[in-house]
Amino acid sequence: MAVIHKTTLTPGKLELLTAWLPAQPWYEGGERRPELARAGGFRLDDPQGEVGIEFMVVTDESGDEPLSYLVPLSYRGAPLDGADHALIGTTEHGVLGPRWVYDGAHDPVLVAQLLALLLGEAEPQAQSVSDTPDPSVVSGFTGPAITGPITSTAATDGPRCTDIVVRAGSVVQADSVVRAGSGEDPQRDQDGRLVIRVNRVLRPGEENATGAQGHVTAGWRLPDGTETRAVFAVIPDAAP
């Protein structure tokens, strides 16, 4: 279960994200420096207990209208090989020491647990309370069973979302017929890879996941205190 340490983090998460966010292709603030506030999110557990996993929603209030962004974060005690391009920054944790903070869409541990959440195999945890499940995070999956090891292979940013490609060992139909890579399974492309789409720009009330084989919906707070929800991630019905 996720353990939340009540301690210092220097620099803080918002400070790191304020410097990193404007360089992302899905940032809608133009040349403005963002004015970020925490707005919500949840955590997932790393089964090995090595990597911190957080799905953080931040709201930028620098413009005429607030804009909310979803940033999956992974926290590591050492650099992740081959992921320099995904490094948000480094920080000093008051209990754990130096931490490397990554855009989790590029971290295979976070991606594996996100897929587990989509498949109903991982339990979302409260963002700021230790050992506490978060039942407000809702996931669903209607596709064929996926078995075998999961490996993140690529993450591609678009203007509003990030598409993450992962490899699954196999896809098992309800009748136990394996058709991995056959092109017959709509949530996999011709190479037998699975695509998870993470919505980076969140619009209040956008909860419709019609046509998706898998989805995660969750909530956050608007600047006026209103609670709202949207789709955080989907497995599209057809690979892009």
# chains A, B, ... in the order shown; residues from 1 in each chain; ligands from 1
>>> residues_around(residues="Thr153 in chain A", least_positions_apart="3", cutoff="8 Å", atoms="only C-alpha atoms", output="PyMOL selection string")
chain A and resi 164-167
>>> closest_atom_pairs(of="range 24-135 of chain A", to="range 230-234 of chain A", cutoff="12 Å", atoms="only C-alpha atoms", output="JSON lines")
{"residue": "A:Gly40", "atom": "CA", "partner": "A:Ala230", "partner_atom": "CA", "distance": 11.9}
{"residue": "A:Gly41", "atom": "CA", "partner": "A:Phe232", "partner_atom": "CA", "distance": 9.8}
{"residue": "A:Phe42", "atom": "CA", "partner": "A:Phe232", "partner_atom": "CA", "distance": 11.1}
{"residue": "A:Phe55", "atom": "CA", "partner": "A:Phe232", "partner_atom": "CA", "distance": 9.2}
{"residue": "A:Met56", "atom": "CA", "partner": "A:Phe232", "partner_atom": "CA", "distance": 10.6}
{"residue": "A:Val57", "atom": "CA", "partner": "A:Phe232", "partner_atom": "CA", "distance": 9.8}
{"residue": "A:Ser68", "atom": "CA", "partner": "A:Ala230", "partner_atom": "CA", "distance": 10.8}
{"residue": "A:Tyr69", "atom": "CA", "partner": "A:Phe232", "partner_atom": "CA", "distance": 9.9}
{"residue": "A:Leu70", "atom": "CA", "partner": "A:Phe232", "partner_atom": "CA", "distance": 7.4}
{"residue": "A:Val71", "atom": "CA", "partner": "A:Phe232", "partner_atom": "CA", "distance": 10.0}
{"residue": "A:Pro72", "atom": "CA", "partner": "A:Phe232", "partner_atom": "CA", "distance": 10.1}
{"residue": "A:Ala105", "atom": "CA", "partner": "A:Ala233", "partner_atom": "CA", "distance": 11.3}
{"residue": "A:Val111", "atom": "CA", "partner": "A:Ala233", "partner_atom": "CA", "distance": 11.3}
{"residue": "A:Leu114", "atom": "CA", "partner": "A:Ala233", "partner_atom": "CA", "distance": 8.8}
{"residue": "A:Leu115", "atom": "CA", "partner": "A:Val234", "partner_atom": "CA", "distance": 9.8}
{"residue": "A:Leu117", "atom": "CA", "partner": "A:Ala233", "partner_atom": "CA", "distance": 10.3}
{"residue": "A:Leu118", "atom": "CA", "partner": "A:Val234", "partner_atom": "CA", "distance": 8.0}
{"residue": "A:Leu119", "atom": "CA", "partner": "A:Val234", "partner_atom": "CA", "distance": 11.1}
>>> closest_residue(among="A:Glu61, A:Val138, A:Leu16, A:Thr210", to="Gln125 in chain A", atoms="only C-alpha atoms")
A:Val138
>>> atom_distance(atom1="CA of Ser62 in chain A", atom2="CA of Gly219 in chain A")
21.6 Å
>>> closest_residue(among="A:Val129, A:Val201, A:Ala39, A:Ile196", to="Pro159 in chain A", atoms="only C-alpha atoms")
A:Val201
>>> select_by_dssp(residues="range 68-159 of chain A", states="strand (DSSP E or B)", output="count of residues only")
39
>>> closest_residue(among="A:Ala168, A:Ala145, A:Ile150, A:Leu9", to="Gln213 in chain A", atoms="only C-alpha atoms")
A:Ala145
>>> residues_around(residues="Trp100 in chain A", least_positions_apart="6", cutoff="12 Å", atoms="only C-alpha atoms", output="list in words")
Leu9, Thr10, Pro11, Lys13, Leu16, Val51, Gly52, Leu73, Ser74, Tyr75, Arg76, Gly77, Ala78, Pro79, Leu80, Asp81, Ala83, Asp84, Ala86, Leu87, Ile88, Gly89, Thr90, Thr91, Glu92, His93 and Asp107 of chain A
>>> atom_distance(atom1="CA of Val101 in chain A", atom2="CA of Thr228 in chain A")
27.1 Å
>>> residues_around(residues="Asp64 in chain A", least_positions_apart="5", cutoff="12 Å", atoms="only C-alpha atoms", output="list in words")
Gly29, Arg32 and Glu35 of chain A
>>> closest_residue(among="A:Thr226, A:Asn199, A:Thr217, A:Ser136", to="Tyr27 in chain A", atoms="only C-alpha atoms")
A:Asn199
